[in-house]
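*Asks:* Input data-v9.tsv, format and content: TSV, N, CA, C and O atoms.
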chain	number	residue	atom	x	y	z
I	22	MET	N	-0.46	-17.95	12.23
I	22	MET	CA	-0.39	-16.69	12.93
I	22	MET	C	-1.55	-15.82	12.47
I	22	MET	O	-1.80	-15.68	11.29
I	23	SER	N	-2.25	-15.22	13.41
I	23	SER	CA	-3.37	-14.36	13.05
I	23	SER	C	-3.14	-12.98	13.65
I	23	SER	O	-2.41	-12.82	14.62
I	24	ALA	N	-3.78	-12.01	13.04
I	24	ALA	CA	-3.63	-10.63	13.49
I	24	ALA	C	-5.02	-10.07	13.76
I	24	ALA	O	-5.99	-10.43	13.11
I	25	THR	N	-5.09	-9.20	14.74
I	25	THR	CA	-6.34	-8.54	15.05
I	25	THR	C	-6.23	-7.09	14.65
I	25	THR	O	-5.25	-6.42	14.99
I	26	VAL	N	-7.20	-6.62	13.89
I	26	VAL	CA	-7.22	-5.23	13.48
I	26	VAL	C	-8.23	-4.52	14.38
I	26	VAL	O	-9.41	-4.88	14.41
I	27	ARG	N	-7.78	-3.54	15.13
I	27	ARG	CA	-8.66	-2.82	16.04
I	27	ARG	C	-9.19	-1.57	15.36
I	27	ARG	O	-8.60	-1.03	14.45
I	28	SER	N	-10.30	-1.09	15.86
I	28	SER	CA	-10.90	0.13	15.35
I	28	SER	C	-9.97	1.31	15.61
I	28	SER	O	-9.36	1.40	16.67
I	29	ILE	N	-9.85	2.20	14.65
I	29	ILE	CA	-9.05	3.41	14.81
I	29	ILE	C	-9.80	4.58	14.21
I	29	ILE	O	-10.23	4.55	13.06
I	30	GLU	N	-10.01	5.60	15.01
I	30	GLU	CA	-10.71	6.81	14.59
I	30	GLU	C	-11.99	6.48	13.82
I	30	GLU	O	-12.23	6.99	12.73
I	31	GLY	N	-12.80	5.59	14.37
I	31	GLY	CA	-14.07	5.26	13.75
I	31	GLY	C	-13.98	4.28	12.60
I	31	GLY	O	-14.98	3.95	11.99
I	32	GLN	N	-12.77	3.83	12.26
I	32	GLN	CA	-12.62	2.87	11.16
I	32	GLN	C	-12.69	1.45	11.72
I	32	GLN	O	-12.11	1.14	12.74
I	33	ASP	N	-13.42	0.61	11.05
I	33	ASP	CA	-13.49	-0.79	11.44
I	33	ASP	C	-12.55	-1.61	10.56
I	33	ASP	O	-11.88	-1.08	9.67
I	34	GLU	N	-12.50	-2.90	10.81
I	34	GLU	CA	-11.60	-3.77	10.06
I	34	GLU	C	-11.86	-3.71	8.56
I	34	GLU	O	-10.94	-3.65	7.76
I	35	ALA	N	-13.13	-3.69	8.16
I	35	ALA	CA	-13.48	-3.64	6.74
I	35	ALA	C	-12.95	-2.36	6.09
I	35	ALA	O	-12.46	-2.39	4.96
I	36	SER	N	-13.04	-1.24	6.80
I	36	SER	CA	-12.53	0.03	6.25
I	36	SER	C	-11.02	0.00	6.06
I	36	SER	O	-10.51	0.46	5.05
I	37	LEU	N	-10.32	-0.56	7.05
I	37	LEU	CA	-8.86	-0.65	6.93
I	37	LEU	C	-8.46	-1.56	5.78
I	37	LEU	O	-7.56	-1.22	5.00
I	38	LEU	N	-9.12	-2.69	5.65
I	38	LEU	CA	-8.81	-3.61	4.55
I	38	LEU	C	-9.13	-2.97	3.21
I	38	LEU	O	-8.40	-3.16	2.23
I	39	ARG	N	-10.18	-2.17	3.14
I	39	ARG	CA	-10.53	-1.46	1.91
I	39	ARG	C	-9.44	-0.46	1.55
I	39	ARG	O	-9.06	-0.33	0.39
I	40	GLU	N	-8.91	0.26	2.55
I	40	GLU	CA	-7.82	1.22	2.30
I	40	GLU	C	-6.56	0.51	1.82
I	40	GLU	O	-5.87	1.01	0.92
I	41	ILE	N	-6.25	-0.61	2.41
I	41	ILE	CA	-5.07	-1.39	1.97
I	41	ILE	C	-5.28	-1.88	0.55
I	41	ILE	O	-4.37	-1.80	-0.29
I	42	ASN	N	-6.46	-2.37	0.25
I	42	ASN	CA	-6.78	-2.82	-1.10
I	42	ASN	C	-6.65	-1.67	-2.10
I	42	ASN	O	-6.11	-1.85	-3.20
I	43	ASN	N	-7.12	-0.48	-1.74
I	43	ASN	CA	-6.99	0.69	-2.61
I	43	ASN	C	-5.53	1.03	-2.87
I	43	ASN	O	-5.16	1.41	-3.98
I	44	ALA	N	-4.69	0.91	-1.84
I	44	ALA	CA	-3.26	1.20	-2.01
I	44	ALA	C	-2.60	0.19	-2.95
I	44	ALA	O	-1.69	0.54	-3.70
I	45	LEU	N	-3.08	-1.05	-2.94
I	45	LEU	CA	-2.51	-2.09	-3.80
I	45	LEU	C	-3.03	-2.04	-5.23
I	45	LEU	O	-2.35	-2.47	-6.15
I	46	ARG	N	-4.22	-1.47	-5.41
I	46	ARG	CA	-4.87	-1.48	-6.72
I	46	ARG	C	-4.00	-0.75	-7.76
I	46	ARG	O	-3.61	0.38	-7.57
I	47	GLY	N	-3.71	-1.44	-8.84
I	47	GLY	CA	-2.96	-0.85	-9.94
I	47	GLY	C	-1.47	-0.75	-9.72
I	47	GLY	O	-0.75	-0.27	-10.58
I	48	LEU	N	-0.98	-1.20	-8.59
I	48	LEU	CA	0.45	-1.12	-8.29
I	48	LEU	C	1.18	-2.22	-9.04
I	48	LEU	O	0.90	-3.40	-8.87
I	49	ARG	N	2.10	-1.84	-9.94
I	49	ARG	CA	2.86	-2.83	-10.71
I	49	ARG	C	4.24	-3.06	-10.12
I	49	ARG	O	4.72	-4.17	-10.04
I	50	PHE	N	4.92	-1.99	-9.72
I	50	PHE	CA	6.24	-2.06	-9.10
I	50	PHE	C	6.24	-1.13	-7.92
I	50	PHE	O	5.94	0.06	-8.06
I	51	GLY	N	6.57	-1.62	-6.75
I	51	GLY	CA	6.61	-0.76	-5.59
I	51	GLY	C	6.30	-1.52	-4.31
I	51	GLY	O	6.48	-2.73	-4.24
I	52	ALA	N	5.80	-0.79	-3.32
I	52	ALA	CA	5.53	-1.39	-2.01
I	52	ALA	C	4.40	-0.64	-1.32
I	52	ALA	O	4.19	0.55	-1.56
I	53	VAL	N	3.70	-1.37	-0.47
I	53	VAL	CA	2.71	-0.77	0.42
I	53	VAL	C	3.19	-1.06	1.83
I	53	VAL	O	3.43	-2.21	2.19
I	54	GLU	N	3.38	0.00	2.61
I	54	GLU	CA	3.89	-0.14	3.97
I	54	GLU	C	2.77	0.24	4.95
I	54	GLU	O	2.15	1.29	4.82
I	55	ILE	N	2.53	-0.64	5.90
I	55	ILE	CA	1.50	-0.42	6.91
I	55	ILE	C	2.21	-0.19	8.24
I	55	ILE	O	2.96	-1.06	8.71
I	56	THR	N	1.99	0.96	8.84
I	56	THR	CA	2.62	1.30	10.11
I	56	THR	C	1.63	1.05	11.23
I	56	THR	O	0.49	1.53	11.19
I	57	VAL	N	2.08	0.30	12.24
I	57	VAL	CA	1.25	-0.05	13.38
I	57	VAL	C	1.89	0.54	14.63
I	57	VAL	O	3.11	0.43	14.82
I	58	HIS	N	1.08	1.17	15.48
I	58	HIS	CA	1.57	1.74	16.75
I	58	HIS	C	0.60	1.31	17.85
I	58	HIS	O	-0.61	1.53	17.74
I	59	ASN	N	1.13	0.68	18.87
I	59	ASN	CA	0.31	0.17	19.98
I	59	ASN	C	-0.82	-0.72	19.48
I	59	ASN	O	-1.95	-0.64	19.94
I	60	GLY	N	-0.52	-1.57	18.50
I	60	GLY	CA	-1.49	-2.52	17.99
I	60	GLY	C	-2.55	-1.94	17.08
I	60	GLY	O	-3.50	-2.62	16.73
I	61	GLN	N	-2.40	-0.68	16.66
I	61	GLN	CA	-3.37	-0.05	15.78
I	61	GLN	C	-2.68	0.46	14.52
I	61	GLN	O	-1.57	0.98	14.57
I	62	VAL	N	-3.36	0.30	13.38
I	62	VAL	CA	-2.85	0.83	12.12
I	62	VAL	C	-2.95	2.35	12.18
I	62	VAL	O	-4.03	2.90	12.43
I	63	VAL	N	-1.82	3.02	11.99
I	63	VAL	CA	-1.81	4.47	12.04
I	63	VAL	C	-1.46	5.11	10.70
I	63	VAL	O	-1.69	6.30	10.51
I	64	GLN	N	-0.91	4.31	9.77
I	64	GLN	CA	-0.50	4.88	8.49
I	64	GLN	C	-0.41	3.78	7.44
I	64	GLN	O	0.04	2.68	7.72
I	65	ILE	N	-0.86	4.11	6.23
I	65	ILE	CA	-0.69	3.24	5.07
I	65	ILE	C	0.01	4.07	4.01
I	65	ILE	O	-0.49	5.12	3.61
I	66	GLU	N	1.19	3.61	3.59
I	66	GLU	CA	2.00	4.38	2.65
I	66	GLU	C	2.21	3.56	1.38
I	66	GLU	O	2.55	2.38	1.43
I	67	ARG	N	2.01	4.19	0.24
I	67	ARG	CA	2.21	3.55	-1.06
I	67	ARG	C	3.43	4.16	-1.73
I	67	ARG	O	3.52	5.38	-1.88
I	68	LYS	N	4.36	3.31	-2.13
I	68	LYS	CA	5.55	3.75	-2.86
I	68	LYS	C	5.51	3.07	-4.21
I	68	LYS	O	5.50	1.85	-4.30
I	69	GLU	N	5.47	3.85	-5.26
I	69	GLU	CA	5.38	3.29	-6.60
I	69	GLU	C	6.61	3.64	-7.41
I	69	GLU	O	7.10	4.76	-7.34
I	70	LYS	N	7.10	2.67	-8.15
I	70	LYS	CA	8.26	2.88	-9.01
I	70	LYS	C	7.81	2.82	-10.46
I	70	LYS	O	6.98	2.01	-10.84
I	71	PHE	N	8.37	3.70	-11.25
I	71	PHE	CA	8.11	3.71	-12.68
I	71	PHE	C	9.40	3.34	-13.38
I	71	PHE	O	10.43	3.98	-13.18
I	72	ARG	N	9.35	2.32	-14.18
I	72	ARG	CA	10.54	1.86	-14.90
I	72	ARG	C	10.57	2.53	-16.26
I	72	ARG	O	9.63	2.42	-17.03
I	73	LEU	N	11.64	3.22	-16.52
I	73	LEU	CA	11.81	3.93	-17.79
I	73	LEU	C	12.83	3.21	-18.64
I	73	LEU	O	13.83	2.69	-18.14
I	74	GLN	N	12.58	3.19	-19.94
I	74	GLN	CA	13.52	2.57	-20.86
I	74	GLN	C	14.11	3.65	-21.75
I	74	GLN	O	13.41	4.58	-22.16
I	75	SER	N	15.37	3.50	-22.06
I	75	SER	CA	15.99	4.42	-23.01
I	75	SER	C	15.52	4.06	-24.41
I	75	SER	O	15.16	2.91	-24.67
I	76	PRO	N	15.53	5.00	-25.35
I	76	PRO	CA	15.10	4.69	-26.73
I	76	PRO	C	15.89	3.53	-27.34
I	76	PRO	O	15.34	2.73	-28.09
I	77	ALA	N	17.19	3.39	-27.02
I	77	ALA	CA	18.00	2.31	-27.58
I	77	ALA	C	17.52	0.94	-27.10
I	77	ALA	O	17.48	-0.02	-27.87
I	78	SER	N	17.10	0.82	-25.85
I	78	SER	CA	16.67	-0.48	-25.34
I	78	SER	C	15.29	-0.86	-25.83
I	78	SER	O	14.93	-2.02	-25.84
I	79	ARG	N	14.48	0.08	-26.26
I	79	ARG	CA	13.15	-0.23	-26.81
I	79	ARG	C	13.27	-0.90	-28.17
I	79	ARG	O	12.43	-1.68	-28.55
I	80	GLN	N	14.32	-0.56	-28.94
I	80	GLN	CA	14.50	-1.12	-30.26
I	80	GLN	C	14.97	-2.57	-30.22
I	80	GLN	O	14.76	-3.33	-31.15
I	81	ALA	N	15.63	-2.95	-29.13
I	81	ALA	CA	16.20	-4.30	-29.04
I	81	ALA	C	15.15	-5.36	-28.85
I	81	ALA	O	14.08	-5.22	-28.52
Please go through the file and, once you have read it, give me the structure as structure tokens.
*Replies:*
Amino acid sequence: MSATVRSIEGQDEASLLREINNALRGLRFGAVEITVHNGQVVQIERKEKFRLQSPASRQA
């Protein structure tokens, strides 16, 4: 299966892939959601989770 990335607001395929790569960079826990409308990428959303440990679990 292949996908075609169309130009959006002056952005070409390379620009969109660069933005997706930037959203993924450094992400350890979370998700990157790409919203497509009428075959065009309209939004890239990054959701990051931070896992916190209680002081008691750090000692174990």
*Asks:* Could you check how far atom N of Phe71 in chain I sits from atom C of Leu38 in chain I, in Å to one decimal?
*Replies:* 23.7 Å
*Asks:* Can you tell me how far CA of Ile55 in chain I sits from CA of Leu37 in chain I, in Å to one decimal?
*Replies:*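 Computing it gives 10.4 Å between the two atoms.
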*Asks:* May I ask for the distance between atom C of Gln61 in chain I and CA of Arg46 in chain I, given in Å to one decimal place?
*Replies:*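 For atom C of Gln61 in chain I relative to CA of Arg46 in chain I, the distance reads 21.4 Å.
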*Asks:* Draw an axis-aligned box over all listed atoms of range 62-65 of chain I, pad each side with 3 Å, and write its centre and edge lengths in Å, one decimal, as JSON.
*Replies:*
{"center_x": -2.0, "center_y": 3.3, "center_z": 8.5, "size_x": 10.1, "size_y": 12.0, "size_z": 15.8}
*Asks:* Any idea what's packed within 7 Å of Leu48 in chain I, counting only C-alpha atoms, ignoring anything in its chain fewer than 3 positions away? Could you give it as a ChimeraX atom specification?
*Replies:* /I:45,51,69
*Asks:* Generate the coordinates of all heavy atoms for range 64-75 of chain I; report them as a PDB file, in the frame of the given file.
*Replies:*
ATOM      1  N   GLN I  64      -0.910   4.310   9.770  1.00  0.00           N
ATOM      2  CA  GLN I  64      -0.500   4.880   8.490  1.00  0.00           C
ATOM      3  C   GLN I  64      -0.410   3.780   7.440  1.00  0.00           C
ATOM      4  O   GLN I  64       0.040   2.680   7.720  1.00  0.00           O
ATOM      5  CB  GLN I  64       0.867   5.541   8.657  1.00  0.00           C
ATOM      6  CG  GLN I  64       1.410   6.192   7.419  1.00  0.00           C
ATOM      7  CD  GLN I  64       2.692   6.951   7.726  1.00  0.00           C
ATOM      8  OE1 GLN I  64       2.811   7.612   8.741  1.00  0.00           O
ATOM      9  NE2 GLN I  64       3.661   6.817   6.857  1.00  0.00           N
ATOM     10  N   ILE I  65      -0.860   4.110   6.230  1.00  0.00           N
ATOM     11  CA  ILE I  65      -0.690   3.240   5.070  1.00  0.00           C
ATOM     12  C   ILE I  65       0.010   4.070   4.010  1.00  0.00           C
ATOM     13  O   ILE I  65      -0.490   5.120   3.610  1.00  0.00           O
ATOM     14  CB  ILE I  65      -2.050   2.726   4.546  1.00  0.00           C
ATOM     15  CG1 ILE I  65      -2.774   1.932   5.637  1.00  0.00           C
ATOM     16  CG2 ILE I  65      -1.847   1.875   3.296  1.00  0.00           C
ATOM     17  CD1 ILE I  65      -4.214   1.616   5.309  1.00  0.00           C
ATOM     18  N   GLU I  66       1.190   3.610   3.590  1.00  0.00           N
ATOM     19  CA  GLU I  66       2.000   4.380   2.650  1.00  0.00           C
ATOM     20  C   GLU I  66       2.210   3.560   1.380  1.00  0.00           C
ATOM     21  O   GLU I  66       2.550   2.380   1.430  1.00  0.00           O
ATOM     22  CB  GLU I  66       3.352   4.698   3.289  1.00  0.00           C
ATOM     23  CG  GLU I  66       4.227   5.579   2.456  1.00  0.00           C
ATOM     24  CD  GLU I  66       5.485   5.977   3.216  1.00  0.00           C
ATOM     25  OE1 GLU I  66       5.546   5.801   4.441  1.00  0.00           O
ATOM     26  OE2 GLU I  66       6.419   6.453   2.549  1.00  0.00           O
ATOM     27  N   ARG I  67       2.010   4.190   0.240  1.00  0.00           N
ATOM     28  CA  ARG I  67       2.210   3.550  -1.060  1.00  0.00           C
ATOM     29  C   ARG I  67       3.430   4.160  -1.730  1.00  0.00           C
ATOM     30  O   ARG I  67       3.520   5.380  -1.880  1.00  0.00           O
ATOM     31  CB  ARG I  67       0.979   3.758  -1.929  1.00  0.00           C
ATOM     32  CG  ARG I  67       1.131   3.235  -3.328  1.00  0.00           C
ATOM     33  CD  ARG I  67      -0.111   3.544  -4.132  1.00  0.00           C
ATOM     34  NE  ARG I  67       0.116   3.355  -5.530  1.00  0.00           N
ATOM     35  CZ  ARG I  67      -0.711   2.725  -6.346  1.00  0.00           C
ATOM     36  NH1 ARG I  67      -1.848   2.273  -5.895  1.00  0.00           N
ATOM     37  NH2 ARG I  67      -0.425   2.589  -7.612  1.00  0.00           N
ATOM     38  N   LYS I  68       4.360   3.310  -2.130  1.00  0.00           N
ATOM     39  CA  LYS I  68       5.550   3.750  -2.860  1.00  0.00           C
ATOM     40  C   LYS I  68       5.510   3.070  -4.210  1.00  0.00           C
ATOM     41  O   LYS I  68       5.500   1.850  -4.300  1.00  0.00           O
ATOM     42  CB  LYS I  68       6.822   3.361  -2.113  1.00  0.00           C
ATOM     43  CG  LYS I  68       6.943   3.988  -0.750  1.00  0.00           C
ATOM     44  CD  LYS I  68       8.181   3.501  -0.056  1.00  0.00           C
ATOM     45  CE  LYS I  68       8.230   4.030   1.367  1.00  0.00           C
ATOM     46  NZ  LYS I  68       9.407   3.538   2.082  1.00  0.00           N
ATOM     47  N   GLU I  69       5.470   3.850  -5.260  1.00  0.00           N
ATOM     48  CA  GLU I  69       5.380   3.290  -6.600  1.00  0.00           C
ATOM     49  C   GLU I  69       6.610   3.640  -7.410  1.00  0.00           C
ATOM     50  O   GLU I  69       7.100   4.760  -7.340  1.00  0.00           O
ATOM     51  CB  GLU I  69       4.125   3.829  -7.304  1.00  0.00           C
ATOM     52  CG  GLU I  69       3.849   3.150  -8.610  1.00  0.00           C
ATOM     53  CD  GLU I  69       2.469   3.465  -9.151  1.00  0.00           C
ATOM     54  OE1 GLU I  69       1.810   4.369  -8.616  1.00  0.00           O
ATOM     55  OE2 GLU I  69       2.054   2.812 -10.118  1.00  0.00           O
ATOM     56  N   LYS I  70       7.100   2.670  -8.150  1.00  0.00           N
ATOM     57  CA  LYS I  70       8.260   2.880  -9.010  1.00  0.00           C
ATOM     58  C   LYS I  70       7.810   2.820 -10.460  1.00  0.00           C
ATOM     59  O   LYS I  70       6.980   2.010 -10.840  1.00  0.00           O
ATOM     60  CB  LYS I  70       9.303   1.796  -8.751  1.00  0.00           C
ATOM     61  CG  LYS I  70       9.837   1.839  -7.347  1.00  0.00           C
ATOM     62  CD  LYS I  70      10.869   0.780  -7.136  1.00  0.00           C
ATOM     63  CE  LYS I  70      11.319   0.847  -5.689  1.00  0.00           C
ATOM     64  NZ  LYS I  70      12.626   0.325  -5.474  1.00  0.00           N
ATOM     65  N   PHE I  71       8.370   3.700 -11.250  1.00  0.00           N
ATOM     66  CA  PHE I  71       8.110   3.710 -12.680  1.00  0.00           C
ATOM     67  C   PHE I  71       9.400   3.340 -13.380  1.00  0.00           C
ATOM     68  O   PHE I  71      10.430   3.980 -13.180  1.00  0.00           O
ATOM     69  CB  PHE I  71       7.649   5.103 -13.137  1.00  0.00           C
ATOM     70  CG  PHE I  71       6.327   5.492 -12.552  1.00  0.00           C
ATOM     71  CD1 PHE I  71       6.263   6.253 -11.400  1.00  0.00           C
ATOM     72  CD2 PHE I  71       5.142   5.101 -13.148  1.00  0.00           C
ATOM     73  CE1 PHE I  71       5.044   6.612 -10.851  1.00  0.00           C
ATOM     74  CE2 PHE I  71       3.928   5.451 -12.618  1.00  0.00           C
ATOM     75  CZ  PHE I  71       3.873   6.207 -11.462  1.00  0.00           C
ATOM     76  N   ARG I  72       9.350   2.320 -14.180  1.00  0.00           N
ATOM     77  CA  ARG I  72      10.540   1.860 -14.900  1.00  0.00           C
ATOM     78  C   ARG I  72      10.570   2.530 -16.260  1.00  0.00           C
ATOM     79  O   ARG I  72       9.630   2.420 -17.030  1.00  0.00           O
ATOM     80  CB  ARG I  72      10.505   0.352 -15.034  1.00  0.00           C
ATOM     81  CG  ARG I  72      10.282  -0.282 -13.678  1.00  0.00           C
ATOM     82  CD  ARG I  72      11.214  -1.340 -13.417  1.00  0.00           C
ATOM     83  NE  ARG I  72      11.007  -1.790 -12.048  1.00  0.00           N
ATOM     84  CZ  ARG I  72      11.784  -2.623 -11.461  1.00  0.00           C
ATOM     85  NH1 ARG I  72      12.825  -3.096 -12.096  1.00  0.00           N
ATOM     86  NH2 ARG I  72      11.562  -3.006 -10.234  1.00  0.00           N
ATOM     87  N   LEU I  73      11.640   3.220 -16.520  1.00  0.00           N
ATOM     88  CA  LEU I  73      11.810   3.930 -17.790  1.00  0.00           C
ATOM     89  C   LEU I  73      12.830   3.210 -18.640  1.00  0.00           C
ATOM     90  O   LEU I  73      13.830   2.690 -18.140  1.00  0.00           O
ATOM     91  CB  LEU I  73      12.266   5.368 -17.533  1.00  0.00           C
ATOM     92  CG  LEU I  73      11.365   6.189 -16.601  1.00  0.00           C
ATOM     93  CD1 LEU I  73      11.984   7.550 -16.358  1.00  0.00           C
ATOM     94  CD2 LEU I  73       9.976   6.323 -17.180  1.00  0.00           C
ATOM     95  N   GLN I  74      12.580   3.190 -19.940  1.00  0.00           N
ATOM     96  CA  GLN I  74      13.520   2.570 -20.860  1.00  0.00           C
ATOM     97  C   GLN I  74      14.110   3.650 -21.750  1.00  0.00           C
ATOM     98  O   GLN I  74      13.410   4.580 -22.160  1.00  0.00           O
ATOM     99  CB  GLN I  74      12.809   1.537 -21.737  1.00  0.00           C
ATOM    100  CG  GLN I  74      12.274   0.361 -20.977  1.00  0.00           C
ATOM    101  CD  GLN I  74      11.584  -0.608 -21.937  1.00  0.00           C
ATOM    102  OE1 GLN I  74      11.205  -0.267 -23.022  1.00  0.00           O
ATOM    103  NE2 GLN I  74      11.411  -1.842 -21.464  1.00  0.00           N
ATOM    104  N   SER I  75      15.370   3.500 -22.060  1.00  0.00           N
ATOM    105  CA  SER I  75      15.990   4.420 -23.010  1.00  0.00           C
ATOM    106  C   SER I  75      15.520   4.060 -24.410  1.00  0.00           C
ATOM    107  O   SER I  75      15.160   2.910 -24.670  1.00  0.00           O
ATOM    108  CB  SER I  75      17.502   4.337 -22.910  1.00  0.00           C
ATOM    109  OG  SER I  75      17.939   3.076 -23.335  1.00  0.00           O
TER     110      SER I  75
END
